[in-house]
file my_file.pdb (PDB, C-alpha atoms)
ATOM      1  CA  MET A  15     -46.523  65.500  13.479
ATOM      2  CA  PHE A  16     -48.724  65.818  10.431
ATOM      3  CA  GLU A  17     -45.780  65.165   8.131
ATOM      4  CA  PHE A  18     -44.830  62.090  10.144
ATOM      5  CA  LEU A  19     -48.329  60.650   9.906
ATOM      6  CA  THR A  20     -48.457  61.470   6.196
ATOM      7  CA  GLY A  21     -45.157  59.683   5.574
ATOM      8  CA  LEU A  22     -46.284  56.712   7.675
ATOM      9  CA  VAL A  23     -49.515  56.391   5.709
ATOM     10  CA  LEU A  24     -47.729  56.744   2.378
ATOM     11  CA  GLY A  25     -45.135  54.167   3.401
ATOM     12  CA  LEU A  26     -47.852  51.792   4.549
ATOM     13  CA  MET A  27     -49.692  52.234   1.273
ATOM     14  CA  ALA A  28     -46.484  51.644  -0.691
ATOM     15  CA  TYR A  29     -45.785  48.488   1.351
ATOM     16  CA  ILE A  30     -49.317  47.242   0.767
ATOM     17  CA  PHE A  31     -49.014  47.984  -2.939
ATOM     18  CA  PHE A  32     -45.739  46.133  -3.420
ATOM     19  CA  ARG A  33     -46.324  43.390  -0.824
ATOM     20  CA  VAL A  34     -49.992  42.668  -1.467
ATOM     21  CA  ILE A  35     -50.991  43.989  -4.865
ATOM     22  CA  LEU A  36     -47.901  43.161  -6.940
ATOM     23  CA  THR A  37     -46.964  39.878  -5.252
ATOM     24  CA  ALA A  38     -50.538  38.646  -4.896
ATOM     25  CA  PHE A  39     -50.723  37.704  -8.564
ATOM     26  CA  TYR A  40     -48.936  34.675  -9.887
ATOM     27  CA  ILE A  41     -48.990  32.394 -12.917
ATOM     28  CA  ILE A  42     -48.380  28.664 -13.321
ATOM     29  CA  PRO A  43     -46.303  27.519 -16.358
ATOM     30  CA  PRO A  44     -47.593  24.544 -18.403
ATOM     31  CA  ASP A  45     -45.083  22.111 -16.910
ATOM     32  CA  GLN A  46     -45.802  23.047 -13.284
ATOM     33  CA  ARG A  47     -48.483  22.583 -10.670
ATOM     34  CA  ALA A  48     -48.994  24.542  -7.458
ATOM     35  CA  VAL A  49     -50.330  24.013  -3.954
ATOM     36  CA  ILE A  50     -51.531  26.939  -1.823
ATOM     37  CA  THR A  51     -50.843  27.009   1.906
ATOM     38  CA  THR A  52     -52.708  29.297   4.303
ATOM     39  CA  PHE A  53     -50.655  30.037   7.426
ATOM     40  CA  GLY A  54     -48.555  26.997   6.517
ATOM     41  CA  ARG A  55     -51.489  24.589   6.078
ATOM     42  CA  ALA A  56     -52.176  23.209   2.594
ATOM     43  CA  GLU A  57     -55.657  23.642   1.219
ATOM     44  CA  ARG A  58     -57.409  20.285   1.340
ATOM     45  CA  LEU A  59     -60.153  19.000  -0.893
ATOM     46  CA  SER A  60     -61.600  16.699   1.758
ATOM     47  CA  GLU A  61     -60.662  14.786   4.844
ATOM     48  CA  GLU A  62     -60.099  11.651   2.790
ATOM     49  CA  PHE A  63     -56.634  10.189   2.548
ATOM     50  CA  VAL A  64     -54.554   8.898  -0.305
ATOM     51  CA  GLU A  65     -53.897   5.212   0.133
ATOM     52  CA  PRO A  66     -50.419   4.026  -0.899
ATOM     53  CA  LEU A  67     -50.065   1.792  -3.905
ATOM     54  CA  ASP A  68     -50.465  -1.921  -3.318
ATOM     55  CA  ASP A  69     -47.015  -3.181  -2.384
ATOM     56  CA  PRO A  70     -46.563  -6.677  -0.887
ATOM     57  CA  ASN A  71     -43.384  -5.483   0.851
ATOM     58  CA  LEU A  72     -45.314  -2.964   2.972
ATOM     59  CA  SER A  73     -46.618  -4.021   6.335
ATOM     60  CA  GLU A  74     -49.948  -2.826   7.690
ATOM     61  CA  ASP A  75     -48.163  -0.318   9.890
ATOM     62  CA  GLU A  76     -46.309   1.121   6.891
ATOM     63  CA  LYS A  77     -49.536   1.379   4.921
ATOM     64  CA  LYS A  78     -51.020   3.470   7.720
ATOM     65  CA  ARG A  79     -47.869   5.577   7.853
ATOM     66  CA  TYR A  80     -47.930   6.571   4.185
ATOM     67  CA  THR A  81     -51.395   8.168   4.111
ATOM     68  CA  TYR A  82     -51.621  11.795   3.013
ATOM     69  CA  PRO A  83     -54.550  14.210   2.612
ATOM     70  CA  LYS A  84     -55.776  15.277  -0.787
ATOM     71  CA  VAL A  85     -54.801  18.873  -1.508
ATOM     72  CA  ARG A  86     -56.159  21.342  -4.022
ATOM     73  CA  VAL A  87     -53.827  21.476  -7.019
ATOM     74  CA  VAL A  88     -53.658  24.665  -9.065
ATOM     75  CA  GLY A  89     -53.239  23.903 -12.745
ATOM     76  CA  PRO A  90     -51.302  25.889 -15.356
ATOM     77  CA  GLY A  91     -52.627  29.281 -16.234
ATOM     78  CA  GLY A  92     -53.153  32.613 -14.532
ATOM     79  CA  PRO A  93     -52.798  35.183 -13.345
ATOM     80  CA  TYR A  94     -54.119  33.909 -10.015
ATOM     81  CA  PHE A  95     -54.581  35.904  -6.842
ATOM     82  CA  LYS A  96     -53.478  34.962  -3.334
ATOM     83  CA  MET A  97     -53.730  36.659   0.021
ATOM     84  CA  PRO A  98     -50.624  37.930   1.821
ATOM     85  CA  TRP A  99     -50.811  35.151   4.391
ATOM     86  CA  GLN A 100     -50.868  32.530   1.693
ATOM     87  CA  GLN A 101     -47.860  30.942   0.002
ATOM     88  CA  VAL A 102     -47.575  29.288  -3.411
ATOM     89  CA  HIS A 103     -45.556  26.064  -3.715
ATOM     90  CA  LYS A 104     -44.770  25.383  -7.364
ATOM     91  CA  VAL A 105     -43.618  21.956  -8.527
ATOM     92  CA  SER A 106     -42.477  20.841 -11.971
ATOM     93  CA  VAL A 107     -44.313  17.724 -13.165
ATOM     94  CA  ALA A 108     -42.170  17.256 -16.280
ATOM     95  CA  THR A 109     -40.227  14.017 -16.684
ATOM     96  CA  ARG A 110     -36.621  14.467 -15.631
ATOM     97  CA  SER A 111     -33.572  12.239 -15.411
ATOM     98  CA  VAL A 112     -30.898  11.969 -12.770
ATOM     99  CA  ASP A 113     -27.688   9.972 -12.625
ATOM    100  CA  LEU A 114     -27.690   6.964 -10.370
ATOM    101  CA  VAL A 115     -24.597   8.280  -8.567
ATOM    102  CA  TRP A 116     -26.323  11.523  -7.552
ATOM    103  CA  ASP A 117     -26.051  12.141  -3.836
ATOM    104  CA  PRO A 118     -26.301  15.617  -2.259
ATOM    105  CA  THR A 119     -24.145  14.561   0.696
ATOM    106  CA  LYS A 120     -21.109  13.264  -1.224
ATOM    107  CA  LYS A 121     -19.491  13.073  -4.636
ATOM    108  CA  GLN A 122     -19.094   9.662  -6.228
ATOM    109  CA  GLU A 123     -18.444   8.299  -9.692
ATOM    110  CA  THR A 124     -20.123   4.920  -9.310
ATOM    111  CA  ILE A 125     -22.388   2.934  -7.022
ATOM    112  CA  GLU A 126     -20.659  -0.018  -5.380
ATOM    113  CA  ALA A 127     -22.559  -3.291  -5.110
ATOM    114  CA  VAL A 128     -21.507  -6.812  -4.128
ATOM    115  CA  THR A 129     -22.557  -9.736  -6.337
ATOM    116  CA  LYS A 130     -23.464 -13.245  -5.258
ATOM    117  CA  ASP A 131     -19.830 -14.229  -5.891
ATOM    118  CA  ASN A 132     -18.631 -11.619  -3.348
ATOM    119  CA  LEU A 133     -17.307  -9.461  -6.182
ATOM    120  CA  THR A 134     -17.463  -5.690  -5.681
ATOM    121  CA  THR A 135     -18.739  -4.050  -8.860
ATOM    122  CA  GLY A 136     -19.463  -0.499  -9.953
ATOM    123  CA  VAL A 137     -22.948   0.299 -11.236
ATOM    124  CA  ASN A 138     -23.847   3.311 -13.370
ATOM    125  CA  GLY A 139     -27.036   4.437 -15.013
ATOM    126  CA  GLN A 140     -29.917   6.854 -14.885
ATOM    127  CA  ILE A 141     -33.479   6.948 -13.697
ATOM    128  CA  ARG A 142     -36.313   8.968 -15.198
ATOM    129  CA  TYR A 143     -38.904  10.273 -12.802
ATOM    130  CA  ARG A 144     -41.675  12.820 -12.464
ATOM    131  CA  VAL A 145     -43.606  14.253  -9.576
ATOM    132  CA  SER A 146     -46.945  12.578  -8.964
ATOM    133  CA  GLU A 147     -49.686  15.152  -9.502
ATOM    134  CA  ASN A 148     -52.103  13.005  -7.502
ATOM    135  CA  ASN A 149     -49.960  13.062  -4.371
ATOM    136  CA  LEU A 150     -48.256  16.440  -4.182
ATOM    137  CA  TYR A 151     -48.663  16.553  -0.414
ATOM    138  CA  ALA A 152     -46.175  13.701   0.002
ATOM    139  CA  TYR A 153     -43.656  15.400  -2.274
ATOM    140  CA  LEU A 154     -43.946  18.884  -0.742
ATOM    141  CA  PHE A 155     -44.594  18.158   2.909
ATOM    142  CA  GLY A 156     -44.043  14.427   3.481
ATOM    143  CA  VAL A 157     -40.222  14.428   3.520
ATOM    144  CA  ALA A 158     -37.586  17.140   3.455
ATOM    145  CA  SER A 159     -35.833  15.855   0.325
ATOM    146  CA  PRO A 160     -38.046  13.390  -1.613
ATOM    147  CA  LEU A 161     -35.558  12.876  -4.462
ATOM    148  CA  GLU A 162     -32.836  11.950  -1.993
ATOM    149  CA  HIS A 163     -35.194   9.452  -0.392
ATOM    150  CA  ILE A 164     -36.051   8.014  -3.811
ATOM    151  CA  MET A 165     -32.381   7.586  -4.734
ATOM    152  CA  GLY A 166     -31.591   5.951  -1.400
ATOM    153  CA  TYR A 167     -34.508   3.546  -1.753
ATOM    154  CA  PHE A 168     -33.590   2.750  -5.368
ATOM    155  CA  VAL A 169     -29.925   2.073  -4.569
ATOM    156  CA  SER A 170     -30.777  -0.161  -1.610
ATOM    157  CA  VAL A 171     -33.181  -2.269  -3.705
ATOM    158  CA  LEU A 172     -30.605  -2.419  -6.522
ATOM    159  CA  ARG A 173     -27.852  -3.642  -4.220
ATOM    160  CA  GLU A 174     -30.128  -6.293  -2.734
ATOM    161  CA  ARG A 175     -31.095  -7.506  -6.207
ATOM    162  CA  ILE A 176     -27.490  -7.635  -7.443
ATOM    163  CA  ALA A 177     -26.435  -9.577  -4.343
ATOM    164  CA  THR A 178     -29.031 -12.290  -5.004
ATOM    165  CA  PHE A 179     -29.294 -12.228  -8.813
ATOM    166  CA  SER A 180     -29.114 -15.478 -10.750
ATOM    167  CA  ASP A 181     -29.553 -15.963 -14.472
ATOM    168  CA  PRO A 182     -32.895 -17.764 -15.032
ATOM    169  CA  LYS A 183     -31.412 -19.683 -17.960
ATOM    170  CA  GLY A 184     -28.371 -20.706 -15.948
ATOM    171  CA  ALA A 185     -30.573 -21.866 -13.070
ATOM    172  CA  SER A 186     -32.530 -24.144 -15.383
ATOM    173  CA  LEU A 187     -29.331 -25.562 -16.850
ATOM    174  CA  LEU A 188     -27.925 -26.335 -13.424
ATOM    175  CA  ALA A 189     -31.061 -28.275 -12.466
ATOM    176  CA  LYS A 190     -30.878 -32.048 -12.453
ATOM    177  CA  PRO A 191     -32.037 -33.533 -15.760
ATOM    178  CA  THR A 192     -35.033 -35.857 -15.671
ATOM    179  CA  ASP A 193     -35.282 -39.267 -17.261
ATOM    180  CA  ASP A 194     -37.516 -37.916 -20.042
ATOM    181  CA  ASP A 195     -35.043 -35.181 -20.957
ATOM    182  CA  ASP A 196     -32.444 -36.394 -23.433
ATOM    183  CA  ASP A 197     -30.612 -33.047 -23.639
ATOM    184  CA  THR A 198     -27.831 -32.803 -21.065
ATOM    185  CA  PRO A 199     -26.115 -29.464 -20.391
ATOM    186  CA  THR A 200     -22.607 -29.142 -21.732
ATOM    187  CA  SER A 201     -19.658 -27.580 -19.941
ATOM    188  CA  VAL A 202     -20.056 -24.447 -22.025
ATOM    189  CA  ASP A 203     -23.670 -24.043 -20.900
ATOM    190  CA  LEU A 204     -22.788 -24.595 -17.257
ATOM    191  CA  SER A 205     -20.154 -21.863 -17.431
ATOM    192  CA  GLU A 206     -22.919 -19.247 -17.415
ATOM    193  CA  GLY A 207     -22.884 -19.167 -13.614
ATOM    194  CA  VAL A 208     -20.595 -16.139 -13.152
ATOM    195  CA  SER A 209     -22.680 -13.417 -11.522
ATOM    196  CA  ILE A 210     -21.104 -10.464 -13.337
ATOM    197  CA  ASN A 211     -21.722 -12.144 -16.708
ATOM    198  CA  ASP A 212     -25.311 -12.964 -15.744
ATOM    199  CA  LEU A 213     -25.930  -9.351 -14.720
ATOM    200  CA  ARG A 214     -24.474  -7.936 -17.930
ATOM    201  CA  LYS A 215     -26.557 -10.260 -20.096
ATOM    202  CA  ASN A 216     -29.773  -9.536 -18.199
ATOM    203  CA  LEU A 217     -29.704  -5.751 -17.822
ATOM    204  CA  PRO A 218     -33.241  -5.408 -19.291
ATOM    205  CA  LEU A 219     -34.499  -7.959 -16.764
ATOM    206  CA  LEU A 220     -32.788  -6.075 -13.947
ATOM    207  CA  ASN A 221     -34.273  -2.761 -15.120
ATOM    208  CA  SER A 222     -37.750  -4.294 -15.258
ATOM    209  CA  TYR A 223     -37.349  -5.631 -11.733
ATOM    210  CA  MET A 224     -36.298  -2.223 -10.438
ATOM    211  CA  GLU A 225     -39.271  -0.547 -12.095
ATOM    212  CA  GLU A 226     -41.590  -3.116 -10.530
ATOM    213  CA  GLN A 227     -40.111  -2.612  -7.064
ATOM    214  CA  CYS A 228     -40.386   1.184  -7.328
ATOM    215  CA  ARG A 229     -44.099   1.250  -8.140
ATOM    216  CA  CYS A 230     -44.772   2.118  -4.503
ATOM    217  CA  THR A 231     -42.791   5.388  -4.598
ATOM    218  CA  PRO A 232     -45.755   7.609  -5.622
ATOM    219  CA  GLY A 233     -47.611   6.613  -2.477
ATOM    220  CA  ARG A 234     -44.551   7.014  -0.255
ATOM    221  CA  TYR A 235     -42.784  10.075  -1.612
ATOM    222  CA  GLY A 236     -45.013  11.481  -4.358
ATOM    223  CA  VAL A 237     -42.548  10.620  -7.128
ATOM    224  CA  GLU A 238     -43.309   8.287 -10.033
ATOM    225  CA  LEU A 239     -40.440   6.291 -11.496
ATOM    226  CA  ASP A 240     -40.772   6.405 -15.274
ATOM    227  CA  ALA A 241     -37.849   4.141 -16.201
ATOM    228  CA  ALA A 242     -34.704   2.619 -14.753
ATOM    229  CA  LEU A 243     -31.746   2.630 -17.132
ATOM    230  CA  ILE A 244     -28.814   0.705 -15.683
ATOM    231  CA  THR A 245     -26.211   1.109 -18.402
ATOM    232  CA  SER A 246     -23.092  -0.579 -17.047
ATOM    233  CA  ILE A 247     -21.970  -2.998 -14.349
ATOM    234  CA  ASP A 248     -18.187  -3.058 -14.216
ATOM    235  CA  PRO A 249     -15.913  -4.996 -11.847
ATOM    236  CA  PRO A 250     -12.407  -3.779 -10.896
ATOM    237  CA  PRO A 251      -9.938  -3.573 -13.854
ATOM    238  CA  GLU A 252      -7.908  -6.649 -12.878
ATOM    239  CA  VAL A 253     -11.050  -8.730 -12.433
ATOM    240  CA  ASP A 254     -12.450  -7.420 -15.709
ATOM    241  CA  ARG A 255      -9.297  -8.514 -17.559
ATOM    242  CA  ALA A 256      -9.493 -11.987 -16.017
ATOM    243  CA  LEU A 257     -13.159 -12.286 -16.920
ATOM    244  CA  SER A 258     -12.429 -11.164 -20.473
ATOM    245  CA  ALA A 259      -9.787 -13.888 -20.827
ATOM    246  CA  ILE A 260     -12.163 -16.505 -19.405
ATOM    247  CA  ASN A 261     -14.984 -15.388 -21.690
ATOM    248  CA  SER A 262     -12.679 -15.452 -24.733
ATOM    249  CA  THR A 263     -11.595 -19.011 -23.923
ATOM    250  CA  ARG A 264     -15.181 -20.137 -23.413
ATOM    251  CA  ASN A 265     -16.271 -18.505 -26.639
ATOM    252  CA  GLN A 266     -13.475 -20.275 -28.512
ATOM    253  CA  VAL A 267     -14.454 -23.611 -26.970
ATOM    254  CA  ALA A 268     -18.081 -22.992 -27.877
ATOM    255  CA  ALA A 269     -17.107 -22.114 -31.454
ATOM    256  CA  ASP A 270     -15.000 -25.288 -31.793
ATOM    257  CA  LEU A 271     -17.810 -27.427 -30.410
ATOM    258  CA  SER A 272     -20.296 -25.832 -32.773
ATOM    259  CA  THR A 273     -18.019 -26.429 -35.749
ATOM    260  CA  ALA A 274     -17.464 -30.060 -34.793
ATOM    261  CA  GLN A 275     -21.178 -30.595 -34.265
ATOM    262  CA  ALA A 276     -21.978 -29.008 -37.646
ATOM    263  CA  ASP A 277     -19.425 -31.254 -39.395
ATOM    264  CA  ALA A 278     -20.830 -34.351 -37.702
ATOM    265  CA  GLU A 279     -24.391 -33.436 -38.639
ATOM    266  CA  GLN A 280     -23.280 -32.823 -42.226
ATOM    267  CA  GLN A 281     -21.609 -36.235 -42.431
ATOM    268  CA  ILE A 282     -24.690 -37.919 -40.978
ATOM    269  CA  THR A 283     -26.931 -36.119 -43.467
ATOM    270  CA  MET A 284     -24.708 -37.096 -46.400
ATOM    271  CA  SER A 285     -24.659 -40.738 -45.240
ATOM    272  CA  LYS A 286     -28.460 -40.785 -44.982
ATOM    273  CA  ARG A 287     -28.762 -39.353 -48.476
ATOM    274  CA  ALA A 288     -26.292 -41.935 -49.870
ATOM    275  CA  VAL A 289     -28.297 -44.771 -48.296
ATOM    276  CA  ASP A 290     -31.513 -43.335 -49.759
ATOM    277  CA  ILE A 291     -29.941 -43.076 -53.222
ATOM    278  CA  ALA A 292     -28.622 -46.658 -53.100
ATOM    279  CA  SER A 293     -32.038 -47.904 -51.923
ATOM    280  CA  ASN A 294     -33.778 -46.062 -54.756
ATOM    281  CA  ASN A 295     -31.351 -47.463 -57.325
ATOM    282  CA  ALA A 296     -31.874 -51.003 -56.061
ATOM    283  CA  GLN A 297     -35.633 -50.563 -56.145
ATOM    284  CA  ALA A 298     -35.372 -49.171 -59.678
ATOM    285  CA  GLU A 299     -33.465 -52.266 -60.823
ATOM    286  CA  VAL A 300     -35.770 -54.720 -59.088
ATOM    287  CA  ALA A 301     -39.027 -53.067 -60.168
ATOM    288  CA  PRO A 302     -38.831 -54.099 -63.908
ATOM    289  CA  LEU A 303     -37.986 -57.682 -62.960
ATOM    290  CA  ARG A 304     -40.938 -57.881 -60.577
ATOM    291  CA  GLU A 305     -43.230 -56.374 -63.182
ATOM    292  CA  LEU A 306     -41.988 -58.888 -65.796
ATOM    293  CA  ALA A 307     -42.557 -61.759 -63.386
ATOM    294  CA  ARG A 308     -46.108 -60.593 -62.699
ATOM    295  CA  THR A 309     -46.758 -60.247 -66.459
ATOM    296  CA  LEU A 310     -45.468 -63.758 -67.260
ATOM    297  CA  THR A 311     -47.441 -65.219 -64.371
ATOM    298  CA  GLN A 312     -50.618 -63.565 -65.587
ATOM    299  CA  ILE A 313     -50.012 -64.707 -69.209
ATOM    300  CA  LYS A 314     -49.422 -68.269 -68.128
ATOM    301  CA  GLN A 315     -52.528 -68.273 -65.962
ATOM    302  CA  GLU A 316     -54.714 -66.936 -68.723
ATOM    303  CA  GLY A 317     -53.158 -68.561 -71.867
ATOM    304  CA  GLY A 318     -51.056 -71.405 -70.619
ATOM    305  CA  SER A 319     -47.528 -72.362 -71.643
ATOM    306  CA  GLY A 320     -48.217 -71.703 -75.345
ATOM    307  CA  ALA A 321     -49.063 -68.095 -74.677
ATOM    308  CA  VAL A 322     -45.839 -67.705 -72.703
ATOM    309  CA  ARG A 323     -43.788 -69.131 -75.620
ATOM    310  CA  ALA A 324     -45.572 -66.780 -78.041
ATOM    311  CA  TYR A 325     -44.876 -63.824 -75.799
ATOM    312  CA  ILE A 326     -41.195 -64.776 -75.584
ATOM    313  CA  ARG A 327     -41.015 -65.217 -79.371
ATOM    314  CA  ASP A 328     -42.464 -61.721 -79.904
ATOM    315  CA  LEU A 329     -39.934 -60.264 -77.514
ATOM    316  CA  LYS A 330     -37.099 -61.780 -79.569
ATOM    317  CA  VAL A 331     -38.101 -59.963 -82.768
ATOM    318  CA  PRO A 332     -36.425 -56.602 -81.875
ATOM    319  CA  LEU A 333     -33.344 -58.507 -80.752
ATOM    320  CA  LEU A 334     -33.142 -60.460 -84.012
ATOM    321  CA  SER A 335     -33.161 -57.222 -86.043
ATOM    322  CA  ARG A 336     -30.084 -56.015 -84.162
ATOM    323  CA  ALA A 337     -28.269 -59.333 -83.912
ATOM    324  CA  VAL A 338     -25.232 -59.995 -86.149
ATOM    325  CA  SER A 339     -25.578 -63.794 -86.049
ATOM    326  CA  VAL A 340     -28.325 -66.051 -84.763
ATOM    327  CA  VAL A 341     -27.816 -69.567 -83.418
ATOM    328  CA  GLN A 342     -30.999 -71.519 -83.672
ATOM    329  CA  THR A 343     -31.570 -74.679 -81.684
ATOM    330  CA  ARG A 344     -34.125 -77.344 -82.215
ATOM    331  CA  GLU A 345     -36.277 -76.134 -79.380
ATOM    332  CA  ASP A 346     -36.651 -72.793 -81.167
ATOM    333  CA  LYS A 347     -38.026 -74.355 -84.378
TER     334      LYS A 347
END
call {"tool": "encode", "arguments": {"input": "my_file.pdb", "output": "structure tokens"}}
result
Amino acid sequence: MFEFLTGLVLGLMAYIFFRVILTAFYIIPPDQRAVITTFGRAERLSEEFVEPLDDPNLSEDEKKRYTYPKVRVVGPGGPYFKMPWQQVHKVSVATRSVDLVWDPTKKQETIEAVTKDNLTTGVNGQIRYRVSENNLYAYLFGVASPLEHIMGYFVSVLRERIATFSDPKGASLLAKPTDDDDDTPTSVDLSEGVSINDLRKNLPLLNSYMEEQCRCTPGRYGVELDAALITSIDPPPEVDRALSAINSTRNQVAADLSTAQADAEQQITMSKRAVDIASNNAQAEVAPLRELARTLTQIKQEGGSGAVRAYIRDLKVPLLSRAVSVVQTREDK
């Protein structure tokens, strides 16, 4: 009996040593944060709640639904000590990336989305995210799989945006021109209305829209979206070949129109310059005659007809030195 009690005590001491002493100490790496739960309940800082981020798409009922208590967050460092009835929940707060096609329930190579033209396209890309340190309760205890919720929310918003996307430039070109606007859209400009082409040209605009729509995710799921990187939007191969042929034809038409317009502008510029040169030459020929007329008029006004004849006689002197023969009339005597 004594040996049994001794073994029981030694075993209990060994259990306490390994279960309490050794496992009671823990450390937190620099890229992680931790939340301590006591009998399954997270340690709270206060009874205040974390309000979700301001999102116009949330109703008042949804705003009340996404309210979580503030919990005590253990920062990096250690070793820390915890009681046996406590549990440490460690979370990495480093920025990570995940493919847009990630889904724990199925394997897929692309995300299918339907454009405004009823064209089924494949979307690929990545999103960068990190766990919100200010709302770890939502990430750890709000939903079972927060990343899966984030991906589902992101894909649903993306599909809705692709289905209703229109190129802002194309929309302005399709508007009716006003009386004050002399520039009318050409057929090449109006050809920008193909949804797949608009999406490919405006990927940065689409990424910015997705980032704006996902600003509410920290308040809902405790995950902050750092960036949305939609890299490709590809239709089926046969549609892609048809679009490539259409785009090549339109590009050729645009190049021909640009060349013709440049030639016409060059001809107009050359004609304007020729008119300016001819006008300058005519003015250069007329200017000495006008100056001579003003001089003769002034001489006659000041000196009379005799002064004019003297002026004309003086002008003939250089001509007489170069003349081969001179015919003198009576009026010249």
call {"tool": "resolve_selection", "arguments": {"input": "my_file.pdb", "expression": "the PyMOL selection byres ((chain A and resi 37) around 12)", "output": "PyMOL selection string"}}
result
chain A and resi 29-36+38-41+93-102
call {"tool": "closest_residue", "arguments": {"input": "my_file.pdb", "among": "A:Ile244, A:Asn221, A:Leu154, A:Pro160", "to": "A:Val115", "atoms": "all atoms listed in the file"}}
result
A:Ile244
call {"tool": "axis_aligned_box", "arguments": {"input": "my_file.pdb", "around": "stretch 122-139 of chain A", "padding_each_side": "3 Å", "output": "JSON"}}
result
{"center_x": -22.2, "center_y": -2.3, "center_z": -9.2, "size_x": 15.7, "size_y": 29.9, "size_z": 17.7}
call {"tool": "resolve_selection", "arguments": {"input": "my_file.pdb", "expression": "the PyMOL selection byres ((chain A and resi 169-174) around 12)", "output": "PDB file with C-alpha atoms, in the frame of the given file"}}
result
ATOM      1  CA  ASN A  71     -43.384  -5.483   0.851  1.00  0.00           C
ATOM      2  CA  ASP A 113     -27.688   9.972 -12.625  1.00  0.00           C
ATOM      3  CA  LEU A 114     -27.690   6.964 -10.370  1.00  0.00           C
ATOM      4  CA  VAL A 115     -24.597   8.280  -8.567  1.00  0.00           C
ATOM      5  CA  TRP A 116     -26.323  11.523  -7.552  1.00  0.00           C
ATOM      6  CA  ASP A 117     -26.051  12.141  -3.836  1.00  0.00           C
ATOM      7  CA  THR A 124     -20.123   4.920  -9.310  1.00  0.00           C
ATOM      8  CA  ILE A 125     -22.388   2.934  -7.022  1.00  0.00           C
ATOM      9  CA  GLU A 126     -20.659  -0.018  -5.380  1.00  0.00           C
ATOM     10  CA  ALA A 127     -22.559  -3.291  -5.110  1.00  0.00           C
ATOM     11  CA  VAL A 128     -21.507  -6.812  -4.128  1.00  0.00           C
ATOM     12  CA  THR A 129     -22.557  -9.736  -6.337  1.00  0.00           C
ATOM     13  CA  LYS A 130     -23.464 -13.245  -5.258  1.00  0.00           C
ATOM     14  CA  THR A 134     -17.463  -5.690  -5.681  1.00  0.00           C
ATOM     15  CA  THR A 135     -18.739  -4.050  -8.860  1.00  0.00           C
ATOM     16  CA  GLY A 136     -19.463  -0.499  -9.953  1.00  0.00           C
ATOM     17  CA  VAL A 137     -22.948   0.299 -11.236  1.00  0.00           C
ATOM     18  CA  ASN A 138     -23.847   3.311 -13.370  1.00  0.00           C
ATOM     19  CA  GLY A 139     -27.036   4.437 -15.013  1.00  0.00           C
ATOM     20  CA  GLN A 140     -29.917   6.854 -14.885  1.00  0.00           C
ATOM     21  CA  ILE A 141     -33.479   6.948 -13.697  1.00  0.00           C
ATOM     22  CA  GLU A 162     -32.836  11.950  -1.993  1.00  0.00           C
ATOM     23  CA  HIS A 163     -35.194   9.452  -0.392  1.00  0.00           C
ATOM     24  CA  ILE A 164     -36.051   8.014  -3.811  1.00  0.00           C
ATOM     25  CA  MET A 165     -32.381   7.586  -4.734  1.00  0.00           C
ATOM     26  CA  GLY A 166     -31.591   5.951  -1.400  1.00  0.00           C
ATOM     27  CA  TYR A 167     -34.508   3.546  -1.753  1.00  0.00           C
ATOM     28  CA  PHE A 168     -33.590   2.750  -5.368  1.00  0.00           C
ATOM     29  CA  ARG A 175     -31.095  -7.506  -6.207  1.00  0.00           C
ATOM     30  CA  ILE A 176     -27.490  -7.635  -7.443  1.00  0.00           C
ATOM     31  CA  ALA A 177     -26.435  -9.577  -4.343  1.00  0.00           C
ATOM     32  CA  THR A 178     -29.031 -12.290  -5.004  1.00  0.00           C
ATOM     33  CA  PHE A 179     -29.294 -12.228  -8.813  1.00  0.00           C
ATOM     34  CA  LEU A 213     -25.930  -9.351 -14.720  1.00  0.00           C
ATOM     35  CA  LEU A 217     -29.704  -5.751 -17.822  1.00  0.00           C
ATOM     36  CA  LEU A 220     -32.788  -6.075 -13.947  1.00  0.00           C
ATOM     37  CA  ASN A 221     -34.273  -2.761 -15.120  1.00  0.00           C
ATOM     38  CA  SER A 222     -37.750  -4.294 -15.258  1.00  0.00           C
ATOM     39  CA  TYR A 223     -37.349  -5.631 -11.733  1.00  0.00           C
ATOM     40  CA  MET A 224     -36.298  -2.223 -10.438  1.00  0.00           C
ATOM     41  CA  GLU A 225     -39.271  -0.547 -12.095  1.00  0.00           C
ATOM     42  CA  GLU A 226     -41.590  -3.116 -10.530  1.00  0.00           C
ATOM     43  CA  GLN A 227     -40.111  -2.612  -7.064  1.00  0.00           C
ATOM     44  CA  CYS A 228     -40.386   1.184  -7.328  1.00  0.00           C
ATOM     45  CA  ALA A 242     -34.704   2.619 -14.753  1.00  0.00           C
ATOM     46  CA  LEU A 243     -31.746   2.630 -17.132  1.00  0.00           C
ATOM     47  CA  ILE A 244     -28.814   0.705 -15.683  1.00  0.00           C
ATOM     48  CA  ILE A 247     -21.970  -2.998 -14.349  1.00  0.00           C
TER      49      ILE A 247
END
call {"tool": "closest_residue", "arguments": {"input": "my_file.pdb", "among": "A:Asp240, A:Leu310, A:Pro44, A:Ser159", "to": "A:Thr119", "atoms": "only C-alpha atoms"}}
result
A:Ser159
call {"tool": "closest_residue", "arguments": {"input": "my_file.pdb", "among": "A:Glu74, A:Leu26, A:Lys314, A:Ile210", "to": "A:Asn261", "atoms": "only C-alpha atoms"}}
result
A:Ile210
call {"tool": "atom_distance", "arguments": {"input": "my_file.pdb", "atom1": "atom CA of A:Asn295", "atom2": "atom CA of A:Gln281"}}
result
21.0 Å
call {"tool": "atom_distance", "arguments": {"input": "my_file.pdb", "atom1": "atom CA of A:Pro218", "atom2": "atom CA of A:Gln266"}}
result
26.4 Å
call {"tool": "atom_distance", "arguments": {"input": "my_file.pdb", "atom1": "atom CA of A:Gly54", "atom2": "atom CA of A:Gly91"}}
result
23.2 Å
